[in-house]
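One structure below.
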Amino acid sequence: MPFEHRDHQADVVLVAWGPTLAEAFGSGAQGLLALMVNPPDIEAAIPVEITCEADEVGALFVSFLNEILYEQDCRGMFFREVKVADVAEHTGGVLLRATAWGEPVDFGKHRVRAEVKAATYGQLQYAYEGGIHRLECIVDL
């Protein structure tokens, strides 16, 4: 899944892309997870359903990343992967359905890279060019 991190003062710009919106959002999720831990160290043992919606695609990206952080915090888990099943327009906005897989936090096993506080609307961009969906936002560390 293609994603990249670019330093931005005390934060990071997360850029994700893919040929479909679902793949671009999935790439963003993997980029977020890779900031926090080494995903291959996490066992994909427990599924967690994630659903969110927003008025437009860019806002949905921020909402989705923050929902991942929320679910991890509330459940005391780290996620290995997030599979986006669907990103679809509906009356009044855009709806996303995904499943995250992970396991309970174990600091003896999981090496934390960074604490991500939130995805923000800073530098928020969504573009579709040349058959590629591209999403970008600042992640607050």
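In the structure tokens, chains take letters A, B, ... by order of appearance, with residues numbered from 1 within each chain and ligands from 1 in the order shown.
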
List as a ChimeraX atom specification the protein and nucleic acid residues near Asp55 of chain A, meaning an atom at most 7 Å away when only C-alpha atoms are counted, but skip any in the same chain fewer than 3 places from it.
/A:59,92-94

Could you save those same residues with N, CA and C atoms as a PDB file, in the first residue's frame?
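Listed below is the output, result35.pdb:
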ATOM      1  N   ALA A  59     -12.595  15.453   4.465  1.00  0.00           N
ATOM      2  CA  ALA A  59     -13.023  15.396   5.859  1.00  0.00           C
ATOM      3  C   ALA A  59     -13.178  13.954   6.323  1.00  0.00           C
ATOM      4  N   GLY A  92     -26.140  13.278   1.496  1.00  0.00           N
ATOM      5  CA  GLY A  92     -25.512  14.213   2.418  1.00  0.00           C
ATOM      6  C   GLY A  92     -24.042  13.989   2.678  1.00  0.00           C
ATOM      7  N   GLY A  93     -23.390  13.051   2.004  1.00  0.00           N
ATOM      8  CA  GLY A  93     -21.965  12.890   2.267  1.00  0.00           C
ATOM      9  C   GLY A  93     -21.352  11.616   1.742  1.00  0.00           C
ATOM     10  N   VAL A  94     -20.306  11.175   2.448  1.00  0.00           N
ATOM     11  CA  VAL A  94     -19.538  10.003   2.057  1.00  0.00           C
ATOM     12  C   VAL A  94     -19.427   9.087   3.278  1.00  0.00           C
TER      13      VAL A  94
END

(message) Residues of chain A classed as strand (DSSP E or B) by DSSP on the backbone are to be reported as an MDAnalysis selection string.
(response) chainID A and resid 3:8 11:18 46:54 77:90 93:104 118:119 125:129 132:140

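Minimum atom-to-atom distances from A:Ser63, A:Val82, A:Asp140, A:Pro39 to Lys117 of chain A were compared using only C-alpha atoms, and the lowest value belongs to A:Asp140.
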
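Closest approach to Ile46 of chain A among A:Val105, A:Leu21, A:Ala100, A:Ala119: A:Ala100, based on only C-alpha atoms.
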